[in-house]
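Colleague: Input entry.pdb, format and content: PDB, C-alpha atoms and all ligand atoms.
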ATOM      1  CA  MET V   1      -1.672  33.898  -8.666
ATOM      2  CA  GLU V   2      -1.735  32.932  -5.005
ATOM      3  CA  ILE V   3      -1.636  29.241  -4.073
ATOM      4  CA  ILE V   4      -2.576  27.768  -0.695
ATOM      5  CA  ASP V   5      -2.092  24.086   0.137
ATOM      6  CA  VAL V   6      -4.536  23.042   2.875
ATOM      7  CA  HIS V   7      -3.132  19.551   3.409
ATOM      8  CA  CYS V   8       0.524  18.834   4.177
ATOM      9  CA  HIS V   9       2.152  16.768   6.905
ATOM     10  CA  CYS V  10       5.282  17.423   8.925
ATOM     11  CA  PHE V  11       7.258  14.177   9.441
ATOM     12  CA  ALA V  12      10.404  16.282   9.861
ATOM     13  CA  GLY V  13      12.285  17.981  12.658
ATOM     14  CA  LEU V  14      14.908  20.635  13.180
ATOM     15  CA  GLY V  15      17.520  18.138  11.936
ATOM     16  CA  GLN V  16      16.018  18.743   8.473
ATOM     17  CA  ALA V  17      15.764  22.531   8.907
ATOM     18  CA  GLU V  18      17.897  23.348   5.902
ATOM     19  CA  ARG V  19      16.109  20.930   3.609
ATOM     20  CA  VAL V  20      12.735  22.236   4.789
ATOM     21  CA  SER V  21      13.665  25.865   4.297
ATOM     22  CA  HIS V  22      15.046  25.261   0.773
ATOM     23  CA  GLY V  23      11.869  23.428  -0.141
ATOM     24  CA  LEU V  24       9.647  26.189   1.193
ATOM     25  CA  ALA V  25      11.680  28.784  -0.704
ATOM     26  CA  ARG V  26      11.059  26.860  -3.940
ATOM     27  CA  LEU V  27       7.354  26.827  -3.191
ATOM     28  CA  ARG V  28       7.290  30.521  -2.405
ATOM     29  CA  ASP V  29       8.931  31.168  -5.787
ATOM     30  CA  ALA V  30       6.157  29.132  -7.398
ATOM     31  CA  GLY V  31       3.496  31.345  -5.824
ATOM     32  CA  VAL V  32       2.638  29.300  -2.740
ATOM     33  CA  SER V  33       1.737  31.711   0.060
ATOM     34  CA  HIS V  34       0.546  29.283   2.730
ATOM     35  CA  LEU V  35       0.798  25.598   3.585
ATOM     36  CA  ALA V  36      -1.411  24.070   6.253
ATOM     37  CA  VAL V  37       0.826  21.520   7.953
ATOM     38  CA  MET V  38      -0.514  18.810  10.240
ATOM     39  CA  GLY V  39       1.612  18.304  13.342
ATOM     40  CA  LEU V  40       1.331  15.104  15.336
ATOM     41  CA  VAL V  41       1.576  14.831  19.082
ATOM     42  CA  ASN V  42       1.901  11.587  20.989
ATOM     43  CA  THR V  43       1.356  11.620  24.716
ATOM     44  CA  SER V  44       1.269   7.911  25.519
ATOM     45  CA  LEU V  45       2.094   5.465  22.733
ATOM     46  CA  ASN V  46       5.423   3.600  22.656
ATOM     47  CA  ALA V  47       7.696   3.247  19.633
ATOM     48  CA  GLN V  48       5.909   0.138  18.433
ATOM     49  CA  ASP V  49       2.298   1.174  19.014
ATOM     50  CA  VAL V  50       2.711   4.625  17.515
ATOM     51  CA  TRP V  51       3.067   3.095  14.048
ATOM     52  CA  LYS V  52      -0.355   1.495  14.371
ATOM     53  CA  LEU V  53      -1.918   4.884  13.602
ATOM     54  CA  ILE V  54       0.386   5.844  10.707
ATOM     55  CA  PRO V  55      -0.489   4.686   7.177
ATOM     56  CA  GLU V  56       2.233   3.096   5.071
ATOM     57  CA  GLY V  57       4.241   5.070   2.561
ATOM     58  CA  PHE V  58       5.168   8.175   4.560
ATOM     59  CA  ASP V  59       8.838   8.511   5.438
ATOM     60  CA  ASN V  60       9.264  10.024   8.897
ATOM     61  CA  LEU V  61      12.512  11.977   9.249
ATOM     62  CA  GLY V  62      11.457  13.702  12.470
ATOM     63  CA  ASP V  63      10.897  12.536  16.021
ATOM     64  CA  PRO V  64      10.568   8.725  16.085
ATOM     65  CA  LEU V  65       7.661   9.018  18.546
ATOM     66  CA  PHE V  66       5.901  11.600  16.349
ATOM     67  CA  ASN V  67       6.055  14.481  18.779
ATOM     68  CA  GLU V  68       6.298  17.079  16.043
ATOM     69  CA  ALA V  69       4.613  20.071  17.646
ATOM     70  CA  ASP V  70       7.697  21.899  18.965
ATOM     71  CA  ASP V  71       9.645  21.626  15.734
ATOM     72  CA  LEU V  72       6.650  22.502  13.564
ATOM     73  CA  LEU V  73       6.056  25.632  15.643
ATOM     74  CA  LYS V  74       9.732  26.583  15.216
ATOM     75  CA  PHE V  75       9.467  26.115  11.442
ATOM     76  CA  THR V  76       6.320  28.258  11.556
ATOM     77  CA  GLN V  77       8.093  31.080  13.389
ATOM     78  CA  GLN V  78      10.987  30.950  10.937
ATOM     79  CA  THR V  79       8.774  31.319   7.868
ATOM     80  CA  GLY V  80       6.675  34.339   8.723
ATOM     81  CA  ASP V  81       3.086  33.310   8.227
ATOM     82  CA  MET V  82       3.711  30.826   5.410
ATOM     83  CA  LEU V  83       2.970  27.785   7.554
ATOM     84  CA  PHE V  84      -0.452  27.270   9.108
ATOM     85  CA  PRO V  85       0.041  24.595  11.783
ATOM     86  CA  MET V  86      -2.857  22.257  12.550
ATOM     87  CA  LEU V  87      -2.827  19.905  15.514
ATOM     88  CA  ASP V  88      -3.191  16.245  14.592
ATOM     89  CA  THR V  89      -5.398  14.727  17.295
ATOM     90  CA  ARG V  90      -5.364  11.063  16.296
ATOM     91  CA  MET V  91      -3.062  10.050  19.183
ATOM     92  CA  LEU V  92      -4.714  12.058  21.945
ATOM     93  CA  ASN V  93      -6.121   9.921  24.683
ATOM     94  CA  SER V  94      -7.244  12.114  27.555
ATOM     95  CA  ASP V  95      -7.780  15.766  28.515
ATOM     96  CA  VAL V  96      -8.445  16.521  24.890
ATOM     97  CA  GLN V  97      -9.815  20.034  25.329
ATOM     98  CA  SER V  98      -7.095  21.348  27.620
ATOM     99  CA  PHE V  99      -4.445  19.764  25.406
ATOM    100  CA  ILE V 100      -5.800  21.511  22.325
ATOM    101  CA  GLN V 101      -6.203  24.784  24.236
ATOM    102  CA  ASP V 102      -2.574  24.589  25.273
ATOM    103  CA  HIS V 103      -1.406  24.041  21.717
ATOM    104  CA  LEU V 104      -3.568  26.858  20.368
ATOM    105  CA  GLN V 105      -1.896  29.225  22.764
ATOM    106  CA  ARG V 106       1.438  28.026  21.445
ATOM    107  CA  GLY V 107       0.519  28.791  17.850
ATOM    108  CA  PHE V 108      -1.601  26.013  16.363
ATOM    109  CA  ARG V 109      -4.484  27.320  14.247
ATOM    110  CA  GLY V 110      -6.533  24.275  13.299
ATOM    111  CA  ILE V 111      -7.308  20.625  13.975
ATOM    112  CA  LYS V 112      -6.591  17.428  12.062
ATOM    113  CA  GLY V 113      -8.299  14.134  12.720
ATOM    114  CA  LEU V 114      -8.885  10.719  11.233
ATOM    115  CA  TYR V 115     -11.995   8.677  11.751
ATOM    116  CA  LEU V 116     -10.607   5.274  12.775
ATOM    117  CA  ALA V 117     -13.528   3.482  14.390
ATOM    118  CA  ASP V 118     -12.709  -0.039  13.249
ATOM    119  CA  ASP V 119     -10.265  -2.065  11.177
ATOM    120  CA  ALA V 120     -12.208  -1.513   7.956
ATOM    121  CA  ASN V 121     -10.937   2.054   7.496
ATOM    122  CA  ASP V 122      -9.525   2.832   4.063
ATOM    123  CA  LEU V 123      -6.054   3.635   5.446
ATOM    124  CA  ARG V 124      -5.639   0.067   6.740
ATOM    125  CA  VAL V 125      -4.342   1.268  10.090
ATOM    126  CA  THR V 126      -5.340  -0.063  13.492
ATOM    127  CA  SER V 127      -8.467   1.496  14.930
ATOM    128  CA  VAL V 128      -8.239   4.048  17.729
ATOM    129  CA  PRO V 129     -10.405   1.910  20.085
ATOM    130  CA  ASP V 130      -8.042  -1.070  19.568
ATOM    131  CA  THR V 131      -4.904   1.047  19.896
ATOM    132  CA  PHE V 132      -5.977   2.593  23.194
ATOM    133  CA  GLY V 133      -8.204  -0.203  24.525
ATOM    134  CA  ILE V 134     -11.293   2.003  24.642
ATOM    135  CA  SER V 135     -14.874   1.436  23.495
ATOM    136  CA  LEU V 136     -16.395   2.876  20.345
ATOM    137  CA  GLU V 137     -18.559   5.018  22.580
ATOM    138  CA  GLN V 138     -15.519   6.466  24.365
ATOM    139  CA  TYR V 139     -13.896   7.091  21.009
ATOM    140  CA  HIS V 140     -16.936   8.964  19.740
ATOM    141  CA  LYS V 141     -16.991  11.015  22.924
ATOM    142  CA  ARG V 142     -13.373  12.033  22.242
ATOM    143  CA  GLU V 143     -14.101  12.991  18.651
ATOM    144  CA  TRP V 144     -17.226  14.938  19.628
ATOM    145  CA  GLU V 145     -15.207  16.871  22.236
ATOM    146  CA  ILE V 146     -12.732  17.795  19.515
ATOM    147  CA  PHE V 147     -15.471  18.981  17.156
ATOM    148  CA  ALA V 148     -17.178  20.950  19.940
ATOM    149  CA  PHE V 149     -13.911  22.674  20.756
ATOM    150  CA  ALA V 150     -13.198  23.459  17.104
ATOM    151  CA  GLU V 151     -16.676  24.848  16.501
ATOM    152  CA  ALA V 152     -16.585  26.982  19.651
ATOM    153  CA  HIS V 153     -13.168  28.415  18.726
ATOM    154  CA  ASP V 154     -13.850  28.775  14.984
ATOM    155  CA  LEU V 155     -10.984  26.430  14.053
ATOM    156  CA  PRO V 156     -10.809  24.682  10.684
ATOM    157  CA  VAL V 157     -10.891  20.882  10.908
ATOM    158  CA  LEU V 158      -9.296  18.571   8.348
ATOM    159  CA  TYR V 159     -10.917  15.210   8.981
ATOM    160  CA  HIS V 160     -10.123  12.060   7.025
ATOM    161  CA  MET V 161     -13.340  10.031   6.852
ATOM    162  CA  ASP V 162     -14.911   7.681   4.341
ATOM    163  CA  ALA V 163     -18.358   8.984   3.359
ATOM    164  CA  ASN V 164     -19.263   5.656   1.860
ATOM    165  CA  ARG V 165     -18.561   3.473   4.858
ATOM    166  CA  TYR V 166     -19.289   5.977   7.636
ATOM    167  CA  GLY V 167     -21.919   8.219   6.038
ATOM    168  CA  ASP V 168     -24.327   8.006   8.975
ATOM    169  CA  THR V 169     -21.666   9.084  11.468
ATOM    170  CA  MET V 170     -20.539  11.837   9.110
ATOM    171  CA  ARG V 171     -24.099  13.170   8.982
ATOM    172  CA  ALA V 172     -24.369  12.924  12.781
ATOM    173  CA  ILE V 173     -21.242  15.083  13.139
ATOM    174  CA  LEU V 174     -22.551  17.653  10.675
ATOM    175  CA  ASP V 175     -26.003  17.743  12.279
ATOM    176  CA  ASP V 176     -24.461  18.322  15.702
ATOM    177  CA  PHE V 177     -21.939  20.954  14.540
ATOM    178  CA  PRO V 178     -23.604  23.057  11.842
ATOM    179  CA  HIS V 179     -21.066  25.897  12.159
ATOM    180  CA  LEU V 180     -17.945  23.746  11.928
ATOM    181  CA  ARG V 181     -15.672  24.503   8.961
ATOM    182  CA  ILE V 182     -14.667  20.986   8.015
ATOM    183  CA  ASN V 183     -12.682  19.523   5.139
ATOM    184  CA  PHE V 184     -13.216  15.839   4.429
ATOM    185  CA  PRO V 185     -10.147  15.371   2.209
ATOM    186  CA  HIS V 186      -9.695  13.195  -0.881
ATOM    187  CA  PHE V 187     -13.276  13.905  -2.070
ATOM    188  CA  GLY V 188     -14.563  12.186   1.056
ATOM    189  CA  ILE V 189     -12.713   9.092  -0.304
ATOM    190  CA  GLY V 190     -15.652   8.221  -2.584
ATOM    191  CA  ARG V 191     -17.304  10.944  -4.660
ATOM    192  CA  LYS V 192     -20.614   9.125  -5.080
ATOM    193  CA  ALA V 193     -21.454   8.977  -1.382
ATOM    194  CA  PHE V 194     -19.824  12.330  -0.705
ATOM    195  CA  ARG V 195     -22.004  14.231  -3.195
ATOM    196  CA  LYS V 196     -24.989  13.759  -0.910
ATOM    197  CA  ILE V 197     -23.028  15.286   1.959
ATOM    198  CA  LEU V 198     -21.948  18.286  -0.127
ATOM    199  CA  ASP V 199     -25.522  18.747  -1.352
ATOM    200  CA  THR V 200     -26.861  18.849   2.202
ATOM    201  CA  TYR V 201     -24.231  20.680   4.276
ATOM    202  CA  PRO V 202     -22.872  24.055   3.098
ATOM    203  CA  ASN V 203     -20.054  24.121   5.678
ATOM    204  CA  VAL V 204     -18.238  21.124   4.155
ATOM    205  CA  TYR V 205     -15.079  21.378   2.047
ATOM    206  CA  THR V 206     -12.896  18.775   0.421
ATOM    207  CA  ASP V 207      -9.442  18.619  -1.143
ATOM    208  CA  ILE V 208      -7.608  16.891  -3.976
ATOM    209  CA  ALA V 209      -4.740  15.550  -1.835
ATOM    210  CA  TYR V 210      -3.536  12.023  -2.647
ATOM    211  CA  MET V 211      -5.835  11.935  -5.685
ATOM    212  CA  PHE V 212      -3.135  12.546  -8.310
ATOM    213  CA  PRO V 213      -3.398   9.236 -10.206
ATOM    214  CA  HIS V 214      -7.201   9.284 -10.114
ATOM    215  CA  ILE V 215      -7.458  12.857 -11.373
ATOM    216  CA  GLN V 216      -4.793  12.331 -14.004
ATOM    217  CA  GLY V 217      -6.535   9.174 -15.198
ATOM    218  CA  ASN V 218      -9.972  10.768 -15.401
ATOM    219  CA  PRO V 219      -9.527  14.544 -15.711
ATOM    220  CA  ASP V 220     -12.904  15.329 -17.302
ATOM    221  CA  SER V 221     -14.848  13.616 -14.586
ATOM    222  CA  TYR V 222     -12.939  15.511 -11.884
ATOM    223  CA  SER V 223     -13.203  18.891 -13.584
ATOM    224  CA  ASP V 224     -16.962  18.304 -13.884
ATOM    225  CA  PHE V 225     -17.119  17.549 -10.184
ATOM    226  CA  ILE V 226     -15.106  20.646  -9.280
ATOM    227  CA  SER V 227     -17.319  22.804 -11.550
ATOM    228  CA  HIS V 228     -20.410  21.403  -9.876
ATOM    229  CA  TYR V 229     -19.071  22.365  -6.412
ATOM    230  CA  PRO V 230     -17.056  25.508  -7.225
ATOM    231  CA  ASP V 231     -16.870  26.743  -3.625
ATOM    232  CA  ARG V 232     -15.911  23.479  -1.936
ATOM    233  CA  VAL V 233     -12.807  21.926  -3.478
ATOM    234  CA  CYS V 234      -9.461  23.052  -2.048
ATOM    235  CA  PHE V 235      -5.930  22.634  -3.291
ATOM    236  CA  GLY V 236      -4.045  20.056  -1.208
ATOM    237  CA  SER V 237      -1.164  17.674  -1.814
ATOM    238  CA  ASP V 238      -0.609  15.412   1.211
ATOM    239  CA  ALA V 239       3.081  16.296   0.766
ATOM    240  CA  LEU V 240       5.438  16.071   3.701
ATOM    241  CA  ILE V 241       6.948  19.410   4.636
ATOM    242  CA  TYR V 242      10.272  18.497   2.987
ATOM    243  CA  GLN V 243       8.703  17.375  -0.323
ATOM    244  CA  PRO V 244       8.144  20.549  -2.394
ATOM    245  CA  GLU V 245       8.204  18.581  -5.638
ATOM    246  CA  ILE V 246       4.924  16.898  -4.692
ATOM    247  CA  VAL V 247       3.230  20.257  -4.133
ATOM    248  CA  LEU V 248       4.598  21.473  -7.488
ATOM    249  CA  ASP V 249       3.246  18.352  -9.224
ATOM    250  CA  TYR V 250      -0.199  19.040  -7.776
ATOM    251  CA  ILE V 251      -0.100  22.640  -8.999
ATOM    252  CA  GLU V 252       0.631  21.347 -12.501
ATOM    253  CA  LEU V 253      -2.181  18.828 -12.121
ATOM    254  CA  VAL V 254      -4.701  21.571 -11.338
ATOM    255  CA  LYS V 255      -3.461  23.662 -14.260
ATOM    256  CA  SER V 256      -3.772  20.641 -16.581
ATOM    257  CA  LEU V 257      -7.515  20.489 -15.882
ATOM    258  CA  ASN V 258      -8.071  23.682 -17.913
ATOM    259  CA  LEU V 259     -10.617  25.059 -15.481
ATOM    260  CA  SER V 260     -11.797  28.617 -16.063
ATOM    261  CA  ASN V 261      -9.458  31.194 -14.524
ATOM    262  CA  GLU V 262     -12.056  32.003 -11.923
ATOM    263  CA  LEU V 263     -12.547  28.389 -10.886
ATOM    264  CA  GLU V 264      -8.818  27.613 -10.878
ATOM    265  CA  ASN V 265      -8.361  30.600  -8.596
ATOM    266  CA  LYS V 266     -11.041  29.333  -6.261
ATOM    267  CA  VAL V 267      -9.427  25.893  -5.980
ATOM    268  CA  LEU V 268      -5.898  27.216  -5.521
ATOM    269  CA  SER V 269      -6.671  30.143  -3.272
ATOM    270  CA  GLY V 270     -10.262  31.275  -2.615
ATOM    271  CA  ASN V 271     -11.607  28.026  -1.191
ATOM    272  CA  PRO V 272      -8.500  27.344   0.913
ATOM    273  CA  ARG V 273      -8.812  30.879   2.325
ATOM    274  CA  SER V 274     -12.454  30.306   3.258
ATOM    275  CA  PHE V 275     -11.778  26.902   4.786
ATOM    276  CA  LEU V 276      -8.769  28.031   6.826
ATOM    277  CA  GLY V 277     -10.484  31.269   7.786
ATOM    278  CA  LEU V 278      -7.637  33.389   6.465
ATOM    279  CA  ASP V 279      -9.883  36.198   5.315
ATOM    280  CA  SER V 280     -11.385  36.709   8.742
ATOM    281  CA  VAL V 281      -7.983  36.894  10.473
ATOM    282  CA  CYS V 282      -6.280  40.265  10.465
TER     283      CYS V 282
HETATM  284 ZN    ZN Y 301      -3.062  13.568   4.709
END
Using structure tokens, write down the structure from this file.
Ligand SMILES: [Zn+2]
Modeller:
Amino acid sequence: MEIIDVHCHCFAGLGQAERVSHGLARLRDAGVSHLAVMGLVNTSLNAQDVWKLIPEGFDNLGDPLFNEADDLLKFTQQTGDMLFPMLDTRMLNSDVQSFIQDHLQRGFRGIKGLYLADDANDLRVTSVPDTFGISLEQYHKREWEIFAFAEAHDLPVLYHMDANRYGDTMRAILDDFPHLRINFPHFGIGRKAFRKILDTYPNVYTDIAYMFPHIQGNPDSYSDFISHYPDRVCFGSDALIYQPEIVLDYIELVKSLNLSNELENKVLSGNPRSFLGLDSVC
């Protein structure tokens, strides 16, 4: 069976090339054909400020300023088409569209974002307006430019956003970009609020990344949810590119849910393919 992880992060550089390639080989042996890996770029933040936009608990072995794009593209070239690099836009501050265009030409195939409008975000990181000294309006303009670009270029977007706290803004995005393929990961943070979004917008996906303890603690409730939305839930792990064991744990987690073969296949492979657009790419 084919397995595609739609949600990994880089946090490594060429200094870890051997470790990364051993890890990817283990995953390939386990049936993993593709990993979507988010690659950060930082055009203006200094060593202190850059950490304001990084949640705790992720160990960065790569560039201390989080300019990961070059090394991620090298890893991508070295692994055939196993890696699917997605540009993490959280630290972009100006010329968003030309910056993304540039990185697409270099090999990026999707977009990653985080909705960080204020200090009440679930990741407990500093907001983007505070980090860059811009208004909420300017921040929204930046995010809307990113969505417009992604929709126009048929790029998948992985966008961390809390449906409970920011439901109105989430709906505004989806109303403005009805053709965007977008994954609000971690079940939109809260399944109750997120259900309404899934019920209304057919172009919305989600993933199980970072949900291990919740799913393990309440497997029936999560398998019910997945069965109710069979075409929406994608396999994802939030693993860093050098942490194959986390991806393997998530594969076991999905198998432990005893979904039907058809549904398990959709979660591990069919839905990730649709979200990433792998079937439409020759
Ligand atoms: Zn993540």
Colleague: Please identify every polymer residue within 12 Å of ligand ZN 301 (chain Y), using only C-alpha atoms and all ligand atoms, and present the set as a PyMOL selection string.
Modeller: chain V and resi 5-11+36-40+54-58+86+88+112-114+123+158-161+183-186+189+206-211+236-241
Colleague: Evaluate the PyMOL selection byres (((chain V and resi 214) around 12) and not hetatm) here and jot the selected residues down as a PyMOL selection string.
Modeller: chain V and resi 186-187+189-191+208-213+215-223+253
Colleague: Determine the nearest neighbour of Asp70 in chain V from the options V:Cys234, V:Val20, V:Met91, V:Ala12, counting all atoms listed in the file.
Modeller: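 Smallest distance to Asp70 in chain V is found for V:Ala12.
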Colleague: Which residue gives the smallest distance to His22 in chain V among V:Thr79, V:Arg195, V:Asn164, V:His153, with only C-alpha atoms counted?
Modeller: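 Distance minimum relative to His22 in chain V lands on V:Thr79.
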Colleague: Need the shell around Tyr201 in chain V: protein/DNA/RNA residues with any atom at most 9 Å away, counting all atoms listed in the file. Skip same-chain ones fewer than 3 positions apart. Format as a short mmCIF file (atom, residue, chain, number, x, y, z; two decimals) with C-alpha atoms, in the frame of the given file?
Modeller:
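Everything below was put into out-v4.cif:
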data_model
loop_
_atom_site.label_atom_id
_atom_site.label_comp_id
_atom_site.auth_asym_id
_atom_site.auth_seq_id
_atom_site.Cartn_x
_atom_site.Cartn_y
_atom_site.Cartn_z
CA ARG V 171 -24.10 13.17 8.98
CA LEU V 174 -22.55 17.65 10.68
CA ASP V 175 -26.00 17.74 12.28
CA PRO V 178 -23.60 23.06 11.84
CA LYS V 196 -24.99 13.76 -0.91
CA ILE V 197 -23.03 15.29 1.96
CA LEU V 198 -21.95 18.29 -0.13
CA VAL V 204 -18.24 21.12 4.16
#
Colleague: Return as a list in words the set of residues that the PyMOL selection byres (((chain V and resi 80) around 12) and not hetatm) yields on the displayed structure.
Modeller: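 Going through the file, the PyMOL selection byres (((chain V and resi 80) around 12) and not hetatm) ends up selecting Ser21, Leu24, Arg28, Ser33, His34, Leu35, Leu73, Lys74, Phe75, Thr76, Gln77, Gln78, Thr79, Asp81, Met82, Leu83 and Phe84 of chain V.
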Colleague: With all atoms listed in the file as the basis for distance, which of V:Ser227, V:Thr89, V:Ser256, V:Thr43 is at the shortest distance from Asn67 in chain V?
Modeller: V:Thr43
Colleague: Compile the contact shell of Tyr115 in chain V as a list in words: residues with an atom at most 10 Å away, counting only C-alpha atoms, same-chain residues fewer than 2 positions apart removed.
Modeller: Arg90, Gly113, Ala117, Asp118, Asn121, Asp122, Ser127, Val128, Tyr139, His140, Glu143, Tyr159, His160, Met161, Asp162, Tyr166, Thr169 and Met170 of chain V
Colleague: Go ahead and compute the interatomic distance for CA of Arg181 in chain V and CA of Lys266 in chain V, in Å to one decimal.
Modeller: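 Answer for the CA of Arg181 in chain V to CA of Lys266 in chain V separation: 16.6 Å.
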Colleague: Which residue is closest to Ile173 in chain V? Choose from V:Pro244, V:Lys141, V:Ser98, V:Lys192 and count only C-alpha atoms.
Modeller: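 Nearest to Ile173 in chain V: V:Lys141.
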Colleague: Decode the PyMOL selection byres (((chain V and resi 13) around 6) and not hetatm) for the given file into explicit residues and return them as a list in words.
Modeller: Ala12, Leu14, Gly15, Gln16, Gly62 and Asp71 of chain V
Colleague: Between CA of Ser269 in chain V and CA of Ala69 in chain V, what distance in Å does the model show, to one decimal?
Modeller: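 That distance, rounded to one decimal, is 25.8 Å.
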Colleague: For Phe132 in chain V, find every residue with an atom within 10 Å (counting all atoms listed in the file), except residues of its own chain fewer than 6 positions away, and show them as a list in words.
Modeller: Ser44, Leu45, Asp49, Met91, Leu92, Asn93 and Tyr139 of chain V
Colleague: Please return as a list in words every residue within 12 Å of (10.1, 0.9, 17.1), taking into account only C-alpha atoms and the file's own coordinates.
Modeller: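 Counting only C-alpha atoms, I find these residues within 12 Å of (10.1, 0.9, 17.1): Leu45, Asn46, Ala47, Gln48, Asp49, Val50, Trp51, Lys52, Asp63, Pro64, Leu65 and Phe66 of chain V.
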Colleague: Pick out the closest residue to Ala172 in chain V from this set: V:Phe149, V:Met1, V:Trp144, V:His103. Count all atoms listed in the file.
Modeller: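 Among the listed residues, V:Trp144 lies closest to Ala172 in chain V.
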Colleague: Which is closest to Glu145 in chain V among V:Asp199, V:Asp176, V:Glu262, V:Glu245, if we use only C-alpha atoms?
Modeller: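 Checking each of V:Asp199, V:Asp176, V:Glu262, V:Glu245 against Glu145 in chain V, counting only C-alpha atoms, the winner is V:Asp176.
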Colleague: Hey, can you check how far CA of Arg165 in chain V sits from CA of Tyr205 in chain V?
Modeller: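 Those two atoms sit 18.5 Å apart.
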Colleague: Report, as JSON, the centre and edge lengths in Å (one decimal) of the axis-aligned box enclosing every listed atom of range 234-237 of chain V, padded by 4 Å on each side.
Modeller:
{"center_x": -5.3, "center_y": 20.4, "center_z": -2.2, "size_x": 16.3, "size_y": 13.4, "size_z": 10.1}
